[in-house]
Structure formats: C-alpha cells, structure tokens
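What follows is the content of query-v9.pdb, which has PDB, C-alpha atoms:
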MODEL        1
ATOM      1  CA  MET A   1     242.813 141.123  57.993
ATOM      2  CA  ALA A   2     239.731 141.454  55.845
ATOM      3  CA  ASN A   3     236.690 142.455  57.862
ATOM      4  CA  GLU A   4     237.518 142.088  61.565
ATOM      5  CA  LEU A   5     236.573 145.714  62.150
ATOM      6  CA  GLN A   6     233.541 145.928  59.869
ATOM      7  CA  GLY A   7     230.979 148.207  61.498
ATOM      8  CA  ARG A   8     233.512 149.678  63.946
ATOM      9  CA  LYS A   9     234.221 153.388  64.110
ATOM     10  CA  VAL A  10     237.721 154.526  65.083
ATOM     11  CA  ALA A  11     239.041 157.996  65.924
ATOM     12  CA  ILE A  12     242.664 158.831  65.128
ATOM     13  CA  LEU A  13     244.202 161.987  66.528
ATOM     14  CA  LEU A  14     246.197 164.451  64.433
ATOM     15  CA  ALA A  15     247.918 167.522  65.853
ATOM     16  CA  PRO A  16     247.987 170.753  63.803
ATOM     17  CA  GLU A  17     251.673 170.024  63.169
ATOM     18  CA  GLY A  18     254.311 167.586  64.316
ATOM     19  CA  THR A  19     252.561 164.210  64.239
ATOM     20  CA  GLU A  20     254.916 161.498  62.957
ATOM     21  CA  GLN A  21     253.599 160.701  59.467
ATOM     22  CA  VAL A  22     254.029 156.891  59.444
ATOM     23  CA  GLU A  23     252.561 156.628  62.950
ATOM     24  CA  PHE A  24     249.447 158.298  61.558
ATOM     25  CA  THR A  25     249.198 156.765  58.068
ATOM     26  CA  GLU A  26     250.088 153.135  58.792
ATOM     27  CA  PRO A  27     247.777 152.485  61.772
ATOM     28  CA  LYS A  28     244.977 154.346  59.956
ATOM     29  CA  LYS A  29     245.464 152.150  56.883
ATOM     30  CA  ALA A  30     245.640 148.983  59.014
ATOM     31  CA  VAL A  31     242.267 149.565  60.668
ATOM     32  CA  GLU A  32     240.665 150.763  57.420
ATOM     33  CA  ASP A  33     241.949 147.640  55.642
ATOM     34  CA  ALA A  34     240.302 145.618  58.412
ATOM     35  CA  GLY A  35     236.969 147.321  57.655
ATOM     36  CA  ALA A  36     236.818 150.170  60.191
ATOM     37  CA  GLU A  37     235.463 153.615  59.447
ATOM     38  CA  VAL A  38     238.038 156.199  60.609
ATOM     39  CA  ASP A  39     237.604 159.863  61.546
ATOM     40  CA  VAL A  40     240.616 162.161  61.860
ATOM     41  CA  VAL A  41     240.096 164.236  65.008
ATOM     42  CA  GLY A  42     242.129 167.185  66.258
ATOM     43  CA  ILE A  43     242.259 170.616  67.812
ATOM     44  CA  GLN A  44     241.133 172.390  64.633
ATOM     45  CA  THR A  45     239.843 171.236  61.263
ATOM     46  CA  GLY A  46     241.836 171.687  58.087
ATOM     47  CA  ASP A  47     245.310 170.759  56.934
ATOM     48  CA  ALA A  48     247.835 169.392  59.413
ATOM     49  CA  GLN A  49     251.568 169.113  58.676
ATOM     50  CA  THR A  50     253.094 165.764  59.633
ATOM     51  CA  MET A  51     256.794 165.102  60.163
ATOM     52  CA  ASN A  52     259.259 162.363  59.268
ATOM     53  CA  SER A  53     261.762 161.484  62.008
ATOM     54  CA  ASP A  54     260.507 164.502  63.997
ATOM     55  CA  THR A  55     262.562 167.010  61.993
ATOM     56  CA  ASN A  56     261.722 166.608  58.297
ATOM     57  CA  PRO A  57     258.397 167.897  56.973
ATOM     58  CA  GLY A  58     256.097 165.156  55.741
ATOM     59  CA  ASP A  59     252.796 165.357  53.924
ATOM     60  CA  THR A  60     249.730 167.285  55.022
ATOM     61  CA  PHE A  61     246.525 165.519  55.986
ATOM     62  CA  THR A  62     243.079 166.840  56.803
ATOM     63  CA  VAL A  63     241.652 166.974  60.312
ATOM     64  CA  GLU A  64     237.968 166.249  59.725
ATOM     65  CA  LYS A  65     236.480 166.901  63.169
ATOM     66  CA  THR A  66     237.419 168.836  66.277
ATOM     67  CA  PHE A  67     237.236 167.618  69.865
ATOM     68  CA  SER A  68     234.291 169.957  70.419
ATOM     69  CA  GLU A  69     232.360 168.256  67.599
ATOM     70  CA  VAL A  70     232.775 164.666  68.778
ATOM     71  CA  SER A  71     232.727 162.520  71.891
ATOM     72  CA  SER A  72     234.398 159.254  72.828
ATOM     73  CA  GLU A  73     230.850 157.865  72.816
ATOM     74  CA  ASP A  74     230.848 158.252  69.009
ATOM     75  CA  TYR A  75     233.669 155.702  68.571
ATOM     76  CA  ASP A  76     234.595 152.112  69.307
ATOM     77  CA  ALA A  77     238.355 152.708  69.595
ATOM     78  CA  LEU A  78     241.090 155.363  69.518
ATOM     79  CA  ILE A  79     244.539 155.653  67.911
ATOM     80  CA  VAL A  80     247.018 158.225  69.206
ATOM     81  CA  PRO A  81     250.075 158.610  66.942
ATOM     82  CA  GLY A  82     253.362 159.995  68.221
ATOM     83  CA  GLY A  83     255.764 162.623  67.022
ATOM     84  CA  THR A  84     257.405 164.757  69.682
ATOM     85  CA  VAL A  85     255.837 168.106  68.749
ATOM     86  CA  GLY A  86     252.446 166.631  67.858
ATOM     87  CA  ALA A  87     252.184 164.586  71.050
ATOM     88  CA  ASP A  88     253.283 167.550  73.161
ATOM     89  CA  THR A  89     250.689 169.788  71.486
ATOM     90  CA  LEU A  90     247.902 167.282  72.111
ATOM     91  CA  ARG A  91     248.821 166.731  75.751
ATOM     92  CA  GLY A  92     248.644 170.478  76.323
ATOM     93  CA  THR A  93     245.004 170.572  75.254
ATOM     94  CA  ASP A  94     242.321 169.946  77.893
ATOM     95  CA  GLU A  95     239.849 168.848  75.194
ATOM     96  CA  ALA A  96     242.271 166.161  73.980
ATOM     97  CA  ALA A  97     242.855 164.850  77.510
ATOM     98  CA  SER A  98     239.116 164.719  78.154
ATOM     99  CA  PHE A  99     238.486 162.937  74.840
ATOM    100  CA  VAL A 100     241.177 160.327  75.598
ATOM    101  CA  ARG A 101     239.908 159.834  79.164
ATOM    102  CA  GLY A 102     236.437 159.024  77.832
ATOM    103  CA  PHE A 103     237.739 155.933  76.021
ATOM    104  CA  PHE A 104     239.301 154.591  79.224
ATOM    105  CA  GLU A 105     236.212 155.348  81.303
ATOM    106  CA  ALA A 106     234.114 153.344  78.826
ATOM    107  CA  GLY A 107     236.603 150.455  78.600
ATOM    108  CA  LYS A 108     237.210 151.052  74.888
ATOM    109  CA  PRO A 109     240.508 149.985  73.291
ATOM    110  CA  VAL A 110     243.238 152.553  72.685
ATOM    111  CA  GLY A 111     246.456 152.328  70.658
ATOM    112  CA  ALA A 112     249.309 154.761  71.434
ATOM    113  CA  ILE A 113     252.768 154.718  69.870
ATOM    114  CA  CYS A 114     256.096 156.449  70.494
ATOM    115  CA  HIS A 115     255.488 159.826  72.229
ATOM    116  CA  ALA A 116     251.684 159.387  72.226
ATOM    117  CA  PRO A 117     251.520 158.122  75.840
ATOM    118  CA  TRP A 118     252.116 161.746  76.893
ATOM    119  CA  ALA A 119     248.432 162.279  76.085
ATOM    120  CA  LEU A 120     247.563 159.331  78.342
ATOM    121  CA  VAL A 121     249.687 160.744  81.163
ATOM    122  CA  GLU A 122     247.853 164.056  80.824
ATOM    123  CA  ALA A 123     244.489 162.265  80.789
ATOM    124  CA  GLY A 124     245.336 160.607  84.114
ATOM    125  CA  VAL A 125     244.575 157.065  82.938
ATOM    126  CA  LEU A 126     247.834 155.155  83.490
ATOM    127  CA  GLU A 127     247.733 154.289  87.199
ATOM    128  CA  GLY A 128     248.519 150.568  87.639
ATOM    129  CA  ARG A 129     249.099 149.862  83.943
ATOM    130  CA  THR A 130     252.031 148.373  82.070
ATOM    131  CA  LEU A 131     253.064 150.002  78.803
ATOM    132  CA  THR A 132     255.907 151.039  76.554
ATOM    133  CA  SER A 133     256.773 154.194  74.636
ATOM    134  CA  PHE A 134     259.699 156.091  73.238
ATOM    135  CA  PRO A 135     262.340 155.613  75.979
ATOM    136  CA  SER A 136     262.467 159.302  76.979
ATOM    137  CA  LEU A 137     258.894 159.050  78.318
ATOM    138  CA  GLN A 138     259.790 156.358  80.882
ATOM    139  CA  THR A 139     260.010 158.761  83.842
ATOM    140  CA  ASP A 140     256.755 160.541  82.928
ATOM    141  CA  ILE A 141     254.963 157.211  82.645
ATOM    142  CA  GLU A 142     256.351 155.911  85.937
ATOM    143  CA  ASN A 143     255.460 159.204  87.655
ATOM    144  CA  ALA A 144     251.896 158.662  86.386
ATOM    145  CA  GLY A 145     251.786 155.382  88.334
ATOM    146  CA  ALA A 146     252.435 152.939  85.495
ATOM    147  CA  LYS A 147     255.140 150.350  84.855
ATOM    148  CA  TRP A 148     257.284 151.085  81.780
ATOM    149  CA  VAL A 149     258.839 148.196  79.818
ATOM    150  CA  ASP A 150     261.079 148.148  76.751
ATOM    151  CA  GLU A 151     259.167 145.833  74.397
ATOM    152  CA  GLU A 152     258.015 146.006  70.775
ATOM    153  CA  VAL A 153     254.328 145.970  71.644
ATOM    154  CA  VAL A 154     252.603 145.825  75.032
ATOM    155  CA  THR A 155     248.916 145.141  75.638
ATOM    156  CA  ASP A 156     247.234 145.884  78.971
ATOM    157  CA  ALA A 157     243.442 145.476  79.140
ATOM    158  CA  GLY A 158     242.752 147.012  75.731
ATOM    159  CA  LEU A 159     245.620 149.530  75.812
ATOM    160  CA  VAL A 160     248.169 148.797  73.055
ATOM    161  CA  THR A 161     251.505 150.632  73.092
ATOM    162  CA  SER A 162     254.707 150.502  71.048
ATOM    163  CA  ARG A 163     258.057 152.331  71.166
ATOM    164  CA  ASN A 164     258.700 153.813  67.720
ATOM    165  CA  PRO A 165     258.008 153.499  63.967
ATOM    166  CA  GLY A 166     260.159 150.356  63.837
ATOM    167  CA  ASP A 167     257.427 148.612  65.866
ATOM    168  CA  LEU A 168     254.561 149.558  63.541
ATOM    169  CA  GLU A 169     254.009 146.105  62.042
ATOM    170  CA  ALA A 170     253.476 144.540  65.470
ATOM    171  CA  PHE A 171     251.541 147.583  66.726
ATOM    172  CA  ASN A 172     249.160 147.566  63.759
ATOM    173  CA  ALA A 173     248.441 143.843  64.065
ATOM    174  CA  LYS A 174     247.745 144.185  67.782
ATOM    175  CA  ILE A 175     245.449 147.233  67.490
ATOM    176  CA  VAL A 176     243.341 145.425  64.892
ATOM    177  CA  GLU A 177     243.109 142.427  67.244
ATOM    178  CA  GLU A 178     242.233 144.518  70.319
ATOM    179  CA  PHE A 179     239.817 146.770  68.431
ATOM    180  CA  ALA A 180     238.043 143.638  67.145
ATOM    181  CA  GLU A 181     237.696 142.372  70.727
ATOM    182  CA  GLY A 182     235.977 145.607  71.688
ATOM    183  CA  LYS A 183     235.373 146.873  75.206
ATOM    184  CA  HIS A 184     237.494 145.646  78.101
ATOM    185  CA  GLU A 185     235.784 145.946  81.471
ATOM    186  CA  GLU A 186     239.165 145.830  83.229
ATOM    187  CA  GLN A 187     240.203 148.911  81.204
ATOM    188  CA  LYS A 188     237.906 150.958  83.443
ATOM    189  CA  ARG A 189     239.876 150.079  86.581
ATOM    190  CA  SER A 190     242.401 152.891  86.235
ATOM    191  CA  THR A 191     240.020 155.789  85.745
TER     192      THR A 191
ENDMDL
END
Encoded form (structure tokens):
Amino acid sequence: MANELQGRKVAILLAPEGTEQVEFTEPKKAVEDAGAEVDVVGIQTGDAQTMNSDTNPGDTFTVEKTFSEVSSEDYDALIVPGGTVGADTLRGTDEAASFVRGFFEAGKPVGAICHAPWALVEAGVLEGRTLTSFPSLQTDIENAGAKWVDEEVVTDAGLVTSRNPGDLEAFNAKIVEEFAEGKHEEQKRST
C-alpha cells in the first residue's frame, strides 16, 4: 500500500459533531498511507467533535473546507464516514447531497461506511445498486431502490460500503483499490 494513490485527491466528510471517530481516522489514514492528498470537507470550517460508539465523545478534528468552497470536480474520490448523528446531520444538508451526487454523476469512486449511506439515499444515487450499511438503514436503502446485503464489504461500480467499525480493515483495503482504479463509467448509470 505504498503509492497506489499518488497524485490522487480525496475528500472526506466530517459533520460538525457526531461522526464516528474510527470511521473518519482509519479510512483517512489508509488513503494517505497509499499516497493520496486528503481534504476534510464539511458544513462549516473549524473543530468538529467526533464520537466513539455513537455515545462517547471522541477527539476533535478540523474541517478544512466547506461544501460552498469545493466541488466534486476538485477530487478523484470521496469517503463518507458514519456515526448516527453525523450521518443524519450531513443528509439533512442540501449542499452535502449535491456534493455527493457530483461524484456519482462523474463516475468517481465513493466509500461509505455504517450510517453514511443515509447521505447517498438523500443524494438520490442508489437506484439499482447493491450495498451494505448498518442494519437499521436497510429499509431506507431499499426504499431508495437499492438492494441491501449483510456483508463485510460490498463493491458496486466504484461504490464501496461496509456495515460498521468492525469492517474497517476490509473497507480500507477496498477503498484504496477502487480509488486507484479511478472513474467507473457504470457508476454514472444510477444518476
């Protein structure tokens, strides 16, 4: 995992509060270790409080750029971490949904773990796809026109999804692989 992502630019989303810490830090580290440049993007710049197991405060991290300052065109790939409150906050933001949708429209790879697929539901990009998530999202995902499966990691035309922090090792390996592959023309089919 040395330089597969050298020269690639990745956006990772971070809600003002409630993002699951390990679902933010570990994927970020995985793509950085593979050579990617990573920007932390969110609703507002400044410190953001992460959580551990959704209920215990974690560390704070800095949101570097807002959705109004960037575009999906600026990046090669996107990571959307989970965390119940963080994912719910992001899905309630039109700018976040628009930003996410841009990656799908361009066929760029996206990694989403745990509760993060809520943002994909809101972006309207799941029709005809197969993915996984935290089990409580199954109905939302199916109502969005996708097939939900209970697997450690699922890849569908550049979209990588996993269920929870226990799947991070497989998730991280797969996002590095998919991000290295780059654009997927078939990714555009659902937008």
* Using all atoms listed in the file, which of A:Gln6, A:Thr132, A:Asn143, A:Thr25 sits nearest Thr155 of chain A? ->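 Looking only at the distances to Thr155 of chain A, the closest residue turns out to be A:Thr132.
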* **the PyMOL selection byres ((chain A and resi 154) around 12) resolved against shown file, as a PyMOL selection string** => chain A and resi 110-113+129-133+147-153+155-163+167+170-175+178
Neighbours of Ile79 of chain A within 10 Å (only C-alpha atoms; same-chain residues fewer than 4 positions away dropped), as a tab-separated table (two decimals) with C-alpha atoms, in the frame of the given file?
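Saved the output as part-v3.tsv:
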chain	number	residue	atom	x	y	z
A	10	VAL	CA	237.72	154.53	65.08
A	11	ALA	CA	239.04	158.00	65.92
A	12	ILE	CA	242.66	158.83	65.13
A	13	LEU	CA	244.20	161.99	66.53
A	14	LEU	CA	246.20	164.45	64.43
A	23	GLU	CA	252.56	156.63	62.95
A	24	PHE	CA	249.45	158.30	61.56
A	27	PRO	CA	247.78	152.49	61.77
A	28	LYS	CA	244.98	154.35	59.96
A	31	VAL	CA	242.27	149.56	60.67
A	38	VAL	CA	238.04	156.20	60.61
A	40	VAL	CA	240.62	162.16	61.86
A	100	VAL	CA	241.18	160.33	75.60
A	109	PRO	CA	240.51	149.99	73.29
A	110	VAL	CA	243.24	152.55	72.68
A	111	GLY	CA	246.46	152.33	70.66
A	112	ALA	CA	249.31	154.76	71.43
A	113	ILE	CA	252.77	154.72	69.87
A	116	ALA	CA	251.68	159.39	72.23
A	160	VAL	CA	248.17	148.80	73.06
A	175	ILE	CA	245.45	147.23	67.49
* Asked: atom CA of Gly86 of chain A to atom CA of Gly7 of chain A: how many Å, to one decimal?
  ->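 The value is 29.0 Å.
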* **Shell of 10 Å around segment 47-61 of chain A, all atoms listed in the file, local chain residues under 2 positions omitted, as a PyMOL selection string** => chain A and resi 14-25+40+42+44-45+63-64+82-86+165
* Given the choices A:Ala146, A:Val70, A:Val80, A:Cys114, which gets closest to Gly128 of chain A if the distance is worked out from all atoms listed in the file? -> A:Ala146
* Tell me, in Å to one decimal, how far atom CA of Lys183 of chain A is from atom CA of Leu78 of chain A. => 11.7 Å
* Please check which residues have atoms at most 12 Å from (244.3, 170.6, 73.7) in the file's coordinates, counting only C-alpha atoms, and write them as a PyMOL selection string. => chain A and resi 13-16+41-44+66-68+86-100+119+122-123
